[in-house]
file model_27.pdb (PDB, C-alpha atoms and all ligand atoms)
ATOM      1  CA  MET Q   1      41.494 -48.422   1.510
ATOM      2  CA  LYS Q   2      39.053 -50.470   3.527
ATOM      3  CA  TYR Q   3      39.779 -48.415   6.623
ATOM      4  CA  LEU Q   4      39.356 -45.155   4.814
ATOM      5  CA  PHE Q   5      35.924 -46.287   3.658
ATOM      6  CA  LEU Q   6      34.889 -47.154   7.221
ATOM      7  CA  PHE Q   7      36.114 -43.794   8.383
ATOM      8  CA  TRP Q   8      33.878 -41.946   5.905
ATOM      9  CA  LEU Q   9      30.861 -43.952   6.913
ATOM     10  CA  PHE Q  10      31.423 -42.905  10.475
ATOM     11  CA  VAL Q  11      31.685 -39.209   9.574
ATOM     12  CA  ILE Q  12      28.460 -39.317   7.581
ATOM     13  CA  ALA Q  13      26.604 -41.056  10.412
ATOM     14  CA  VAL Q  14      27.719 -38.373  12.848
ATOM     15  CA  ALA Q  15      26.768 -35.586  10.466
ATOM     16  CA  SER Q  16      23.225 -36.842   9.917
ATOM     17  CA  GLU Q  17      22.821 -37.358  13.658
ATOM     18  CA  GLU Q  18      23.686 -33.734  14.157
ATOM     19  CA  GLN Q  19      21.114 -32.579  11.638
ATOM     20  CA  ARG Q  20      18.390 -34.349  13.560
ATOM     21  CA  CYS Q  21      19.417 -32.529  16.708
ATOM     22  CA  ASP Q  22      17.070 -29.576  16.637
ATOM     23  CA  VAL Q  23      17.444 -28.448  20.227
ATOM     24  CA  VAL Q  24      19.139 -25.185  21.150
ATOM     25  CA  VAL Q  25      19.958 -23.908  24.612
ATOM     26  CA  ILE Q  26      19.269 -20.257  25.384
ATOM     27  CA  ARG Q  27      20.218 -18.914  28.795
ATOM     28  CA  GLY Q  28      20.055 -22.410  30.264
ATOM     29  CA  ASP Q  29      16.659 -23.367  28.786
ATOM     30  CA  LYS Q  30      16.164 -25.877  25.989
ATOM     31  CA  TYR Q  31      14.158 -25.057  22.872
ATOM     32  CA  GLU Q  32      13.216 -27.156  19.910
ATOM     33  CA  LYS Q  33      13.580 -25.611  16.464
ATOM     34  CA  GLN Q  34      10.361 -25.897  14.476
ATOM     35  CA  VAL Q  35      10.773 -24.927  10.858
ATOM     36  CA  LEU Q  36       7.508 -23.152  10.022
ATOM     37  CA  LYS Q  37       8.211 -22.183   6.420
ATOM     38  CA  THR Q  38      10.924 -22.912   3.900
ATOM     39  CA  ASP Q  39      11.488 -21.540   0.375
ATOM     40  CA  VAL Q  40      11.154 -17.899   1.358
ATOM     41  CA  HIS Q  41      14.128 -15.806   0.309
ATOM     42  CA  ALA Q  42      15.416 -13.123   2.709
ATOM     43  CA  PRO Q  43      12.390 -12.862   5.012
ATOM     44  CA  TYR Q  44      12.701  -9.504   6.761
ATOM     45  CA  GLN Q  45      10.647  -7.500   9.276
ATOM     46  CA  LEU Q  46       8.447 -10.125  10.844
ATOM     47  CA  ALA Q  47       5.199  -8.977  12.485
ATOM     48  CA  MET Q  48       2.645 -11.206  14.158
ATOM     49  CA  ASP Q  49      -1.125 -10.816  14.225
ATOM     50  CA  TYR Q  50      -2.152 -12.697  17.384
ATOM     51  CA  GLN Q  51      -5.850 -12.744  16.590
ATOM     52  CA  THR Q  52      -5.600 -14.761  13.372
ATOM     53  CA  LYS Q  53      -2.173 -16.266  14.218
ATOM     54  CA  THR Q  54      -0.801 -14.833  11.001
ATOM     55  CA  LEU Q  55       2.796 -13.858  10.512
ATOM     56  CA  PHE Q  56       3.570 -11.041   8.072
ATOM     57  CA  PHE Q  57       7.000 -10.509   6.557
ATOM     58  CA  SER Q  58       8.737  -9.266   3.454
ATOM     59  CA  LEU Q  59      10.741 -11.366   1.047
ATOM     60  CA  SER Q  60      12.872 -10.891  -2.048
ATOM     61  CA  ALA Q  61      12.198 -12.341  -5.447
ATOM     62  CA  GLU Q  62      13.974 -12.071  -8.783
ATOM     63  CA  VAL Q  63      11.685 -10.586 -11.393
ATOM     64  CA  GLY Q  64      13.134  -9.952 -14.863
ATOM     65  CA  GLY Q  65      16.693  -9.901 -13.505
ATOM     66  CA  LYS Q  66      15.810  -7.396 -10.782
ATOM     67  CA  THR Q  67      15.329  -8.009  -7.060
ATOM     68  CA  VAL Q  68      11.885  -6.974  -5.880
ATOM     69  CA  LEU Q  69      10.534  -6.901  -2.360
ATOM     70  CA  LYS Q  70       7.163  -8.454  -1.664
ATOM     71  CA  SER Q  71       4.847  -8.714   1.310
ATOM     72  CA  ALA Q  72       3.795 -12.176   2.363
ATOM     73  CA  TYR Q  73       1.807 -13.911   5.082
ATOM     74  CA  PHE Q  74       1.946 -17.282   6.772
ATOM     75  CA  ASN Q  75      -0.881 -18.562   8.956
ATOM     76  CA  LEU Q  76       0.533 -20.538  11.887
ATOM     77  CA  ARG Q  77      -2.768 -22.281  12.509
ATOM     78  CA  THR Q  78      -3.471 -23.485   8.946
ATOM     79  CA  ASN Q  79       0.037 -23.276   7.388
ATOM     80  CA  GLU Q  80      -1.500 -21.241   4.584
ATOM     81  CA  TYR Q  81       1.086 -19.086   2.845
ATOM     82  CA  GLY Q  82       0.702 -16.412   0.216
ATOM     83  CA  GLU Q  83       2.198 -13.316  -1.345
ATOM     84  CA  ILE Q  84       0.057 -10.227  -0.868
ATOM     85  CA  SER Q  85      -1.134  -8.490  -4.001
ATOM     86  CA  GLY Q  86      -2.125  -4.885  -4.505
ATOM     87  CA  ILE Q  87       1.063  -3.440  -2.988
ATOM     88  CA  ASN Q  88       3.900  -1.738  -4.843
ATOM     89  CA  GLY Q  89       7.012  -3.331  -3.287
ATOM     90  CA  GLY Q  90       6.626  -4.442   0.299
ATOM     91  CA  MET Q  91       9.228  -4.153   2.998
ATOM     92  CA  ALA Q  92       7.655  -3.111   6.286
ATOM     93  CA  ASN Q  93       5.041  -4.795   8.465
ATOM     94  CA  ALA Q  94       3.342  -3.769  11.713
ATOM     95  CA  VAL Q  95       0.212  -4.838  13.560
ATOM     96  CA  ASP Q  96      -2.168  -2.802  15.706
ATOM     97  CA  SER Q  97      -3.665  -5.614  17.808
ATOM     98  CA  LEU Q  98      -6.282  -3.401  19.452
ATOM     99  CA  LYS Q  99      -7.857  -2.247  16.194
ATOM    100  CA  HIS Q 100      -6.782  -5.448  14.471
ATOM    101  CA  THR Q 101      -5.160  -3.560  11.630
ATOM    102  CA  VAL Q 102      -2.186  -4.893   9.713
ATOM    103  CA  TYR Q 103      -0.047  -2.181   8.126
ATOM    104  CA  LEU Q 104       2.234  -2.954   5.200
ATOM    105  CA  GLY Q 105       4.857  -0.540   3.893
ATOM    106  CA  GLY Q 106       5.405  -0.270   0.150
ATOM    107  CA  LYS Q 107       7.337   1.941  -2.240
ATOM    108  CA  ASP Q 108       4.549   4.481  -2.381
ATOM    109  CA  GLY Q 109       3.180   4.585   1.106
ATOM    110  CA  ILE Q 110       1.406   2.628   3.807
ATOM    111  CA  TYR Q 111      -1.162  -0.020   3.033
ATOM    112  CA  GLU Q 112      -3.702  -1.905   5.080
ATOM    113  CA  TYR Q 113      -4.120  -5.653   4.681
ATOM    114  CA  ASP Q 114      -7.609  -6.929   3.988
ATOM    115  CA  PHE Q 115      -8.079 -10.350   5.615
ATOM    116  CA  THR Q 116     -11.015 -11.247   3.371
ATOM    117  CA  THR Q 117      -9.542 -10.474  -0.040
ATOM    118  CA  LYS Q 118      -5.915 -11.037   1.116
ATOM    119  CA  LYS Q 119      -4.972  -7.868  -0.732
ATOM    120  CA  ALA Q 120      -3.363  -4.619   0.361
ATOM    121  CA  LYS Q 121      -4.990  -1.219  -0.033
ATOM    122  CA  ASN Q 122      -3.025   2.045   0.016
ATOM    123  CA  LEU Q 123      -4.230   4.215   2.900
ATOM    124  CA  GLY Q 124      -3.047   7.415   1.221
ATOM    125  CA  ILE Q 125      -1.407   8.783   4.367
ATOM    126  CA  THR Q 126       2.030   9.264   2.795
ATOM    127  CA  ASP Q 127       3.604   8.701  -0.598
ATOM    128  CA  SER Q 128       7.081   7.973   0.759
ATOM    129  CA  SER Q 129       8.904   4.716   0.179
ATOM    130  CA  ILE Q 130       8.612   2.911   3.508
ATOM    131  CA  TRP Q 131      11.571   1.032   4.932
ATOM    132  CA  GLN Q 132      10.383  -0.076   8.375
ATOM    133  CA  MET Q 133       7.381   0.240  10.703
ATOM    134  CA  PHE Q 134       6.730  -0.332  14.394
ATOM    135  CA  PHE Q 135       3.376  -0.082  16.104
ATOM    136  CA  CYS Q 136       3.192   1.348  19.627
ATOM    137  CA  PRO Q 137      -0.257   1.241  21.304
ATOM    138  CA  VAL Q 138       0.419   4.584  23.031
ATOM    139  CA  HIS Q 139       2.177   6.668  20.379
ATOM    140  CA  GLY Q 140       0.909   5.151  17.148
ATOM    141  CA  LEU Q 141       2.479   3.776  14.011
ATOM    142  CA  PHE Q 142       6.152   4.685  13.618
ATOM    143  CA  PHE Q 143       7.718   4.401  10.205
ATOM    144  CA  THR Q 144      10.967   5.219   8.476
ATOM    145  CA  THR Q 145      11.528   6.172   4.874
ATOM    146  CA  TYR Q 146      13.972   4.558   2.515
ATOM    147  CA  LYS Q 147      17.408   5.850   1.541
ATOM    148  CA  PRO Q 148      18.719   8.447   1.011
ATOM    149  CA  ASP Q 149      16.519  10.422   3.405
ATOM    150  CA  GLU Q 150      16.010   7.808   6.179
ATOM    151  CA  LYS Q 151      13.568   9.944   8.118
ATOM    152  CA  SER Q 152      11.231   8.852  10.881
ATOM    153  CA  PHE Q 153       7.553   9.686  11.289
ATOM    154  CA  VAL Q 154       4.660   8.689  13.472
ATOM    155  CA  TYR Q 155       1.075   8.239  12.333
ATOM    156  CA  HIS Q 156      -1.449   8.889  15.078
ATOM    157  CA  ASP Q 157      -5.017  10.246  15.129
ATOM    158  CA  GLU Q 158      -5.027  10.264  11.309
ATOM    159  CA  GLN Q 159      -2.012  12.570  11.159
ATOM    160  CA  VAL Q 160       1.571  12.024  10.087
ATOM    161  CA  GLN Q 161       4.215  13.933  12.063
ATOM    162  CA  PRO Q 162       8.018  13.773  12.009
ATOM    163  CA  VAL Q 163       9.264  12.107  15.199
ATOM    164  CA  ALA Q 164      10.058  15.024  17.502
ATOM    165  CA  GLY Q 165      13.742  15.256  18.336
ATOM    166  CA  LEU Q 166      14.823  13.037  15.459
ATOM    167  CA  THR Q 167      14.282  15.381  12.521
ATOM    168  CA  ASP Q 168      18.046  15.964  12.122
ATOM    169  CA  THR Q 169      19.166  12.382  12.370
ATOM    170  CA  ARG Q 170      19.044   9.447  10.015
ATOM    171  CA  THR Q 171      16.852   6.622  11.217
ATOM    172  CA  ARG Q 172      16.733   3.377   9.296
ATOM    173  CA  LEU Q 173      14.703   1.489  11.883
ATOM    174  CA  ILE Q 174      12.750   2.767  14.856
ATOM    175  CA  ALA Q 175      10.964   1.241  17.863
ATOM    176  CA  VAL Q 176       9.630   2.153  21.277
ATOM    177  CA  GLY Q 177      10.979   0.421  24.373
ATOM    178  CA  GLU Q 178       9.179  -0.719  27.511
ATOM    179  CA  HIS Q 179       9.775   2.584  29.277
ATOM    180  CA  HIS Q 180       8.762   4.737  26.288
ATOM    181  CA  ASP Q 181      12.291   5.442  25.183
ATOM    182  CA  ILE Q 182      12.771   5.593  21.437
ATOM    183  CA  PHE Q 183      15.282   3.151  19.982
ATOM    184  CA  PHE Q 184      16.571   3.766  16.511
ATOM    185  CA  ALA Q 185      19.263   2.373  14.271
ATOM    186  CA  ASN Q 186      21.146   3.908  11.386
ATOM    187  CA  SER Q 187      24.362   2.967   9.623
ATOM    188  CA  SER Q 188      26.350   4.230  12.663
ATOM    189  CA  GLY Q 189      24.683   1.781  15.056
ATOM    190  CA  LEU Q 190      21.920   1.628  17.640
ATOM    191  CA  PHE Q 191      20.798   4.591  19.720
ATOM    192  CA  ILE Q 192      18.315   5.299  22.476
ATOM    193  CA  TYR Q 193      16.603   8.663  22.603
ATOM    194  CA  ASN Q 194      14.751   9.992  25.613
ATOM    195  CA  MET Q 195      11.924  12.281  24.491
ATOM    196  CA  HIS Q 196      11.732  14.092  27.834
ATOM    197  CA  THR Q 197      15.406  14.759  28.441
ATOM    198  CA  ASN Q 198      16.386  15.024  24.752
ATOM    199  CA  VAL Q 199      19.406  12.828  25.448
ATOM    200  CA  PHE Q 200      20.853  10.387  22.876
ATOM    201  CA  ILE Q 201      22.846   7.380  24.019
ATOM    202  CA  ASN Q 202      24.899   5.283  21.627
ATOM    203  CA  LEU Q 203      24.232   1.625  22.463
ATOM    204  CA  GLY Q 204      26.833   0.215  20.123
ATOM    205  CA  ASP Q 205      27.690  -0.623  16.581
ATOM    206  CA  TYR Q 206      24.760  -3.006  15.954
ATOM    207  CA  ASN Q 207      23.658  -3.689  12.397
ATOM    208  CA  VAL Q 208      19.947  -3.867  13.313
ATOM    209  CA  ASN Q 209      17.621  -5.526  10.790
ATOM    210  CA  GLY Q 210      14.470  -5.833  12.892
ATOM    211  CA  PHE Q 211      12.767  -4.774  16.123
ATOM    212  CA  ALA Q 212      10.046  -6.744  17.909
ATOM    213  CA  ARG Q 213       8.067  -6.622  21.115
ATOM    214  CA  ASP Q 214       7.151  -9.826  22.888
ATOM    215  CA  VAL Q 215       3.649 -10.349  24.347
ATOM    216  CA  ASN Q 216       4.738  -8.626  27.576
ATOM    217  CA  GLY Q 217       5.898  -5.532  25.709
ATOM    218  CA  LYS Q 218       9.600  -6.230  26.107
ATOM    219  CA  LEU Q 219      11.712  -5.036  23.192
ATOM    220  CA  TYR Q 220      14.107  -7.232  21.212
ATOM    221  CA  PHE Q 221      16.068  -6.653  18.047
ATOM    222  CA  SER Q 222      17.841  -8.775  15.486
ATOM    223  CA  CYS Q 223      21.129  -8.319  13.694
ATOM    224  CA  PRO Q 224      22.708 -10.722  11.188
ATOM    225  CA  ASN Q 225      24.818 -12.157  14.037
ATOM    226  CA  GLY Q 226      22.098 -12.632  16.641
ATOM    227  CA  ILE Q 227      19.108 -11.573  18.681
ATOM    228  CA  PHE Q 228      19.542  -9.051  21.476
ATOM    229  CA  PHE Q 229      17.559  -7.063  23.999
ATOM    230  CA  PRO Q 230      18.209  -3.761  25.699
ATOM    231  CA  ASN Q 231      18.555  -3.801  29.427
ATOM    232  CA  ASP Q 232      16.790  -0.476  29.877
ATOM    233  CA  ILE Q 233      17.937   0.068  33.426
ATOM    234  CA  GLN Q 234      21.607  -0.391  32.752
ATOM    235  CA  LYS Q 235      21.296   1.131  29.269
ATOM    236  CA  LYS Q 236      23.237  -1.720  27.789
ATOM    237  CA  ILE Q 237      22.563  -4.519  25.315
ATOM    238  CA  GLU Q 238      22.451  -8.192  26.199
ATOM    239  CA  PRO Q 239      22.686 -11.033  23.681
ATOM    240  CA  LEU Q 240      20.019 -13.733  23.645
ATOM    241  CA  VAL Q 241      21.122 -15.774  20.637
ATOM    242  CA  LEU Q 242      24.422 -15.450  18.793
ATOM    243  CA  VAL Q 243      25.113 -17.116  15.466
ATOM    244  CA  ARG Q 244      28.455 -17.496  13.739
ATOM    245  CA  ASP Q 245      27.182 -17.403  10.155
ATOM    246  CA  ASN Q 246      25.359 -14.029  10.093
ATOM    247  CA  SER Q 247      22.129 -15.858   9.263
ATOM    248  CA  ILE Q 248      19.490 -13.922  11.211
ATOM    249  CA  TYR Q 249      17.090 -11.794   9.145
ATOM    250  CA  GLY Q 250      14.401 -10.926  11.671
ATOM    251  CA  VAL Q 251      12.598 -11.759  14.904
ATOM    252  CA  THR Q 252       9.092 -11.721  16.380
ATOM    253  CA  PHE Q 253       6.998 -13.640  18.935
ATOM    254  CA  ASP Q 254       3.844 -15.699  18.598
ATOM    255  CA  GLY Q 255       0.813 -15.316  20.906
ATOM    256  CA  ASP Q 256       2.322 -17.839  23.353
ATOM    257  CA  ASN Q 257       5.495 -15.773  23.474
ATOM    258  CA  ASN Q 258       7.573 -18.289  21.543
ATOM    259  CA  MET Q 259      10.336 -16.656  19.587
ATOM    260  CA  ILE Q 260      10.112 -16.776  15.800
ATOM    261  CA  TYR Q 261      13.129 -15.828  13.720
ATOM    262  CA  ALA Q 262      13.960 -15.716  10.051
ATOM    263  CA  SER Q 263      17.085 -17.002   8.390
ATOM    264  CA  GLU Q 264      18.104 -16.747   4.750
ATOM    265  CA  ASP Q 265      15.485 -19.136   3.335
ATOM    266  CA  SER Q 266      13.238 -20.122   6.211
ATOM    267  CA  ILE Q 267      11.215 -19.104   9.233
ATOM    268  CA  VAL Q 268      11.797 -20.977  12.478
ATOM    269  CA  ARG Q 269       9.995 -21.060  15.828
ATOM    270  CA  LEU Q 270      11.683 -21.959  19.115
ATOM    271  CA  VAL Q 271       9.429 -23.858  21.529
ATOM    272  CA  PRO Q 272      10.427 -24.939  25.049
ATOM    273  CA  THR Q 273      11.363 -28.632  25.223
ATOM    274  CA  THR Q 274      12.786 -31.213  27.602
ATOM    275  CA  LYS Q 275      14.254 -33.245  24.717
ATOM    276  CA  THR Q 276      17.936 -33.976  24.594
ATOM    277  CA  CYS Q 277      20.027 -35.025  21.653
TER     278      CYS Q 277
HETATM  279  C1  LIG N   1      22.972   8.059  13.454
HETATM  280  O1  LIG N   1      22.372   8.719  14.555
HETATM  281  C2  LIG N   1      23.271   9.321  15.458
HETATM  282  C3  LIG N   1      22.481   9.877  16.623
HETATM  283  O2  LIG N   1      21.575  10.844  16.208
HETATM  284  C4  LIG N   1      24.082  10.376  14.741
HETATM  285  O3  LIG N   1      25.034  10.921  15.623
HETATM  286  C5  LIG N   1      24.778   9.752  13.525
HETATM  287  O4  LIG N   1      25.430  10.753  12.787
HETATM  288  C6  LIG N   1      23.766   9.051  12.645
HETATM  289  N1  LIG N   1      24.442   8.376  11.549
HETATM  290  C7  LIG N   1      24.304   8.759  10.286
HETATM  291  C8  LIG N   1      25.025   7.932   9.263
HETATM  292  O5  LIG N   1      23.626   9.710   9.941
END

call {"tool": "encode", "arguments": {"input": "model_27.pdb", "output": "structure tokens", "more": "lines below"}}
Ligand SMILES: *[C@@H]1O[C@H](CO)[C@@H](O)[C@H](O)[C@H]1NC(C)=O
result
Amino acid sequence: MKYLFLFWLFVIAVASEEQRCDVVVIRGDKYEKQVLKTDVHAPYQLAMDYQTKTLFFSLSAEVGGKTVLKSAYFNLRTNEYGEISGINGGMANAVDSLKHTVYLGGKDGIYEYDFTTKKAKNLGITDSSIWQMFFCPVHGLFFTTYKPDEKSFVYHDEQVQPVAGLTDTRTRLIAVGEHHDIFFANSSGLFIYNMHTNVFINLGDYNVNGFARDVNGKLYFSCPNGIFFPNDIQKKIEPLVLVRDNSIYGVTFDGDNNMIYASEDSIVRLVPTTKTC
């Protein structure tokens, strides 16, 4: 009995030691996990505003027995967090850094975030239920509509147009790669579409839940099982982070190009470190 007790003590000591180890190794480099925000349920579609260092994302809440999606923000400089009011639902987020406009997608269209009032205002450019958005400085604001239609559009020069070449295909999420190829995901997987050659390439059966560009314009995407990036030249996908517990909800990058990802109840940043544990 005495020995059994000692054995348990040992196991507990090891377990708590492991919890303190917050260093992960990615492609040979060490990163420390910084938990930025906890108590956020299912944070999806992260988008970063570099100018104010504010992260925008959606989250789920239970209201009267029903799950509702909400838009929220978290300021990395001040740690201020809040849910954004004035929006009906709230799933999609995208930032135009040049104009310093934050777009939020709700059930009845696209909204703009007002930094002063911290409220969203419907821009009246569509009345569709928005599922995802991606801002491209060249082509404009891409967005997809919610099930069952899953259509893709681009908003540019105050006009909404269907994305040329994709009118006959379902698109749940859409993004533009470094070399202006269109990446899109639907329930069949991830595809790349070349606007000039009209060619579709199936990149694999990825269950994409978010796209993000880093500060250099390189495209990444997240799936429940990890974070990946397309190797545009070889037209294949490379993994950056793989997790065993399907816990990744989204990815983005801060202004210093540190990766930020969401898991079921928190938002974490990975910063380079020399620490060992
Ligand atoms: C997803 O897109 C591809 C490429 O356009 C298409 O072949 C496939 O049928 C689509 N999947 C669904 C479920 O519509």

call {"tool": "residues_near_ligand", "arguments": {"input": "model_27.pdb", "ligand": "ligand LIG 1 (chain N)", "cutoff": "10 Å", "atoms": "all atoms listed in the file", "output": "list in words"}}
result
Asp149, Glu150, Gly165, Leu166, Thr167, Asp168, Thr169, Arg170, Thr171, Arg172, Phe184, Ala185, Asn186, Ser187, Ser188, Gly189, Leu190, Phe191, Ile192, Tyr193, Val199, Phe200, Ile201 and Asn202 of chain Q

call {"tool": "resolve_selection", "arguments": {"input": "model_27.pdb", "expression": "the PyMOL selection byres (((chain Q and resi 118) around 9) and not hetatm)", "output": "number ranges by chain"}}
result
Q: 82-85, 113-117, 119-120

call {"tool": "closest_residue", "arguments": {"input": "model_27.pdb", "among": "Q:Gly106, Q:Val215, Q:Lys275, Q:Val241", "to": "Phe253 of chain Q", "atoms": "only C-alpha atoms"}}
result
Q:Val215

call {"tool": "residues_around", "arguments": {"input": "model_27.pdb", "residues": "Glu80 of chain Q", "least_positions_apart": "3", "cutoff": "12 Å", "atoms": "only C-alpha atoms", "output": "ChimeraX atom specification"}}
result
/Q:36-37,52-56,72-77,83,118

call {"tool": "write_last_selection", "arguments": {"input": "model_27.pdb", "atoms": "C-alpha atoms", "output": "PDB file, in the frame of the given file"}}
result
ATOM      1  CA  LEU Q  36       7.508 -23.152  10.022  1.00  0.00           C
ATOM      2  CA  LYS Q  37       8.211 -22.183   6.420  1.00  0.00           C
ATOM      3  CA  THR Q  52      -5.600 -14.761  13.372  1.00  0.00           C
ATOM      4  CA  LYS Q  53      -2.173 -16.266  14.218  1.00  0.00           C
ATOM      5  CA  THR Q  54      -0.801 -14.833  11.001  1.00  0.00           C
ATOM      6  CA  LEU Q  55       2.796 -13.858  10.512  1.00  0.00           C
ATOM      7  CA  PHE Q  56       3.570 -11.041   8.072  1.00  0.00           C
ATOM      8  CA  ALA Q  72       3.795 -12.176   2.363  1.00  0.00           C
ATOM      9  CA  TYR Q  73       1.807 -13.911   5.082  1.00  0.00           C
ATOM     10  CA  PHE Q  74       1.946 -17.282   6.772  1.00  0.00           C
ATOM     11  CA  ASN Q  75      -0.881 -18.562   8.956  1.00  0.00           C
ATOM     12  CA  LEU Q  76       0.533 -20.538  11.887  1.00  0.00           C
ATOM     13  CA  ARG Q  77      -2.768 -22.281  12.509  1.00  0.00           C
ATOM     14  CA  GLU Q  83       2.198 -13.316  -1.345  1.00  0.00           C
ATOM     15  CA  LYS Q 118      -5.915 -11.037   1.116  1.00  0.00           C
TER      16      LYS Q 118
END

call {"tool": "atom_distance", "arguments": {"input": "model_27.pdb", "atom1": "atom CA of Leu104 of chain Q", "atom2": "atom CA of Ser71 of chain Q"}}
result
7.4 Å

call {"tool": "atom_distance", "arguments": {"input": "model_27.pdb", "atom1": "atom CA of Asp214 of chain Q", "atom2": "atom CA of Val68 of chain Q"}}
result
29.3 Å

call {"tool": "atom_distance", "arguments": {"input": "model_27.pdb", "atom1": "atom CA of Ser266 of chain Q", "atom2": "atom CA of Asn246 of chain Q"}}
result
14.1 Å

call {"tool": "residues_around", "arguments": {"input": "model_27.pdb", "residues": "segment 136-138 of chain Q", "least_positions_apart": "3", "cutoff": "9 Å", "atoms": "only C-alpha atoms", "output": "list in words"}}
result
Asp96, Ser97, Leu98, Leu141, Phe142, Ala175, Val176 and His180 of chain Q

call {"tool": "closest_residue", "arguments": {"input": "model_27.pdb", "among": "Q:Ile110, Q:Pro148, Q:Phe135, Q:Thr126", "to": "Pro162 of chain Q", "atoms": "only C-alpha atoms"}}
result
Q:Thr126

call {"tool": "residues_around", "arguments": {"input": "model_27.pdb", "residues": "Ser128 of chain Q", "least_positions_apart": "5", "cutoff": "7 Å", "atoms": "all atoms listed in the file", "output": "list in words"}}
result
Lys107, Asp108, Gly109 and Thr145 of chain Q

call {"tool": "resolve_selection", "arguments": {"input": "model_27.pdb", "expression": "the PyMOL selection byres (((chain Q and resi 89) around 6) and not hetatm)", "output": "mmCIF file with C-alpha atoms, keeping the file's coordinate frame"}}
result
data_model
loop_
_atom_site.group_PDB
_atom_site.id
_atom_site.type_symbol
_atom_site.label_atom_id
_atom_site.label_comp_id
_atom_site.auth_asym_id
_atom_site.auth_seq_id
_atom_site.Cartn_x
_atom_site.Cartn_y
_atom_site.Cartn_z
ATOM 1 C CA LEU Q 69 10.534 -6.901 -2.360
ATOM 2 C CA LYS Q 70 7.163 -8.454 -1.664
ATOM 3 C CA ILE Q 87 1.063 -3.440 -2.988
ATOM 4 C CA ASN Q 88 3.900 -1.738 -4.843
ATOM 5 C CA GLY Q 90 6.626 -4.442 0.299
ATOM 6 C CA GLY Q 106 5.405 -0.270 0.150
ATOM 7 C CA LYS Q 107 7.337 1.941 -2.240
#

call {"tool": "closest_residue", "arguments": {"input": "model_27.pdb", "among": "Q:Asn258, Q:Ser247, Q:Ser152, Q:Asn231", "to": "Asn209 of chain Q", "atoms": "all atoms listed in the file"}}
result
Q:Ser247

call {"tool": "residues_near_point", "arguments": {"input": "model_27.pdb", "point": "(-2.3, 5.4, 11.9)", "cutoff": "7 Å", "atoms": "all atoms listed in the file", "output": "PyMOL selection string"}}
result
chain Q and resi 140-141+155-158

call {"tool": "residues_around", "arguments": {"input": "model_27.pdb", "residues": "Ser263 of chain Q", "least_positions_apart": "2", "cutoff": "9 Å", "atoms": "only C-alpha atoms", "output": "ChimeraX atom specification"}}
result
/Q:41-44,224,246-250,261,265-268

call {"tool": "axis_aligned_box", "arguments": {"input": "model_27.pdb", "around": "segment 245-253 of chain Q", "padding_each_side": "4 Å", "output": "AutoDock Vina command-line options"}}
result
--center_x 17.1 --center_y -14.2 --center_z 14.0 --size_x 28.2 --size_y 14.5 --size_z 17.8

call {"tool": "closest_residue", "arguments": {"input": "model_27.pdb", "among": "Q:Gly65, Q:Gly86, Q:Gly28, Q:Gly105", "to": "Lys121 of chain Q", "atoms": "all atoms listed in the file"}}
result
Q:Gly86

call {"tool": "closest_residue", "arguments": {"input": "model_27.pdb", "among": "Q:Leu203, Q:Val40, Q:Leu173, Q:Ala212", "to": "Ile260 of chain Q", "atoms": "only C-alpha atoms"}}
result
Q:Ala212

call {"tool": "closest_residue", "arguments": {"input": "model_27.pdb", "among": "Q:Cys277, Q:Val24, Q:Ala164, Q:Leu270", "to": "Asn198 of chain Q", "atoms": "all atoms listed in the file"}}
result
Q:Ala164

call {"tool": "residues_around", "arguments": {"input": "model_27.pdb", "residues": "Phe153 of chain Q", "least_positions_apart": "6", "cutoff": "8 Å", "atoms": "all atoms listed in the file", "output": "list in words"}}
result
Phe142, Phe143, Thr144, Val160, Gln161, Pro162 and Val163 of chain Q

call {"tool": "write_last_selection", "arguments": {"input": "model_27.pdb", "atoms": "C-alpha atoms", "output": "mmCIF file, in the frame of the given file"}}
result
data_model
loop_
_atom_site.group_PDB
_atom_site.id
_atom_site.type_symbol
_atom_site.label_atom_id
_atom_site.label_comp_id
_atom_site.auth_asym_id
_atom_site.auth_seq_id
_atom_site.Cartn_x
_atom_site.Cartn_y
_atom_site.Cartn_z
ATOM 1 C CA PHE Q 142 6.152 4.685 13.618
ATOM 2 C CA PHE Q 143 7.718 4.401 10.205
ATOM 3 C CA THR Q 144 10.967 5.219 8.476
ATOM 4 C CA VAL Q 160 1.571 12.024 10.087
ATOM 5 C CA GLN Q 161 4.215 13.933 12.063
ATOM 6 C CA PRO Q 162 8.018 13.773 12.009
ATOM 7 C CA VAL Q 163 9.264 12.107 15.199
#

call {"tool": "resolve_selection", "arguments": {"input": "model_27.pdb", "expression": "the PyMOL selection byres (((chain Q and resi 274) around 8) and not hetatm)", "output": "PyMOL selection string"}}
result
chain Q and resi 30-31+272-273+275-276

call {"tool": "decode", "arguments": {"input": "model_27.pdb", "residues": "segment 122-136 of chain Q", "atoms": "C-alpha atoms", "output": "compact mmCIF listing (two decimals), in the first residue's frame"}}
result
# COMPACT_ATOMS: atom_id res chain seq x y z
CA ASN Q 122 -24.55 46.56 -41.95
CA LEU Q 123 -23.04 47.85 -45.20
CA GLY Q 124 -26.08 46.80 -47.24
CA ILE Q 125 -24.01 45.21 -50.01
CA THR Q 126 -25.70 41.80 -49.79
CA ASP Q 127 -28.44 40.21 -47.72
CA SER Q 128 -26.97 36.71 -47.86
CA SER Q 129 -25.96 34.75 -44.79
CA ILE Q 130 -22.17 34.96 -44.80
CA TRP Q 131 -20.08 31.92 -43.94
CA GLN Q 132 -16.50 33.06 -44.58
CA MET Q 133 -14.55 36.06 -45.87
CA PHE Q 134 -11.02 36.68 -47.12
CA PHE Q 135 -9.57 40.03 -48.05
CA CYS Q 136 -7.16 40.27 -50.99
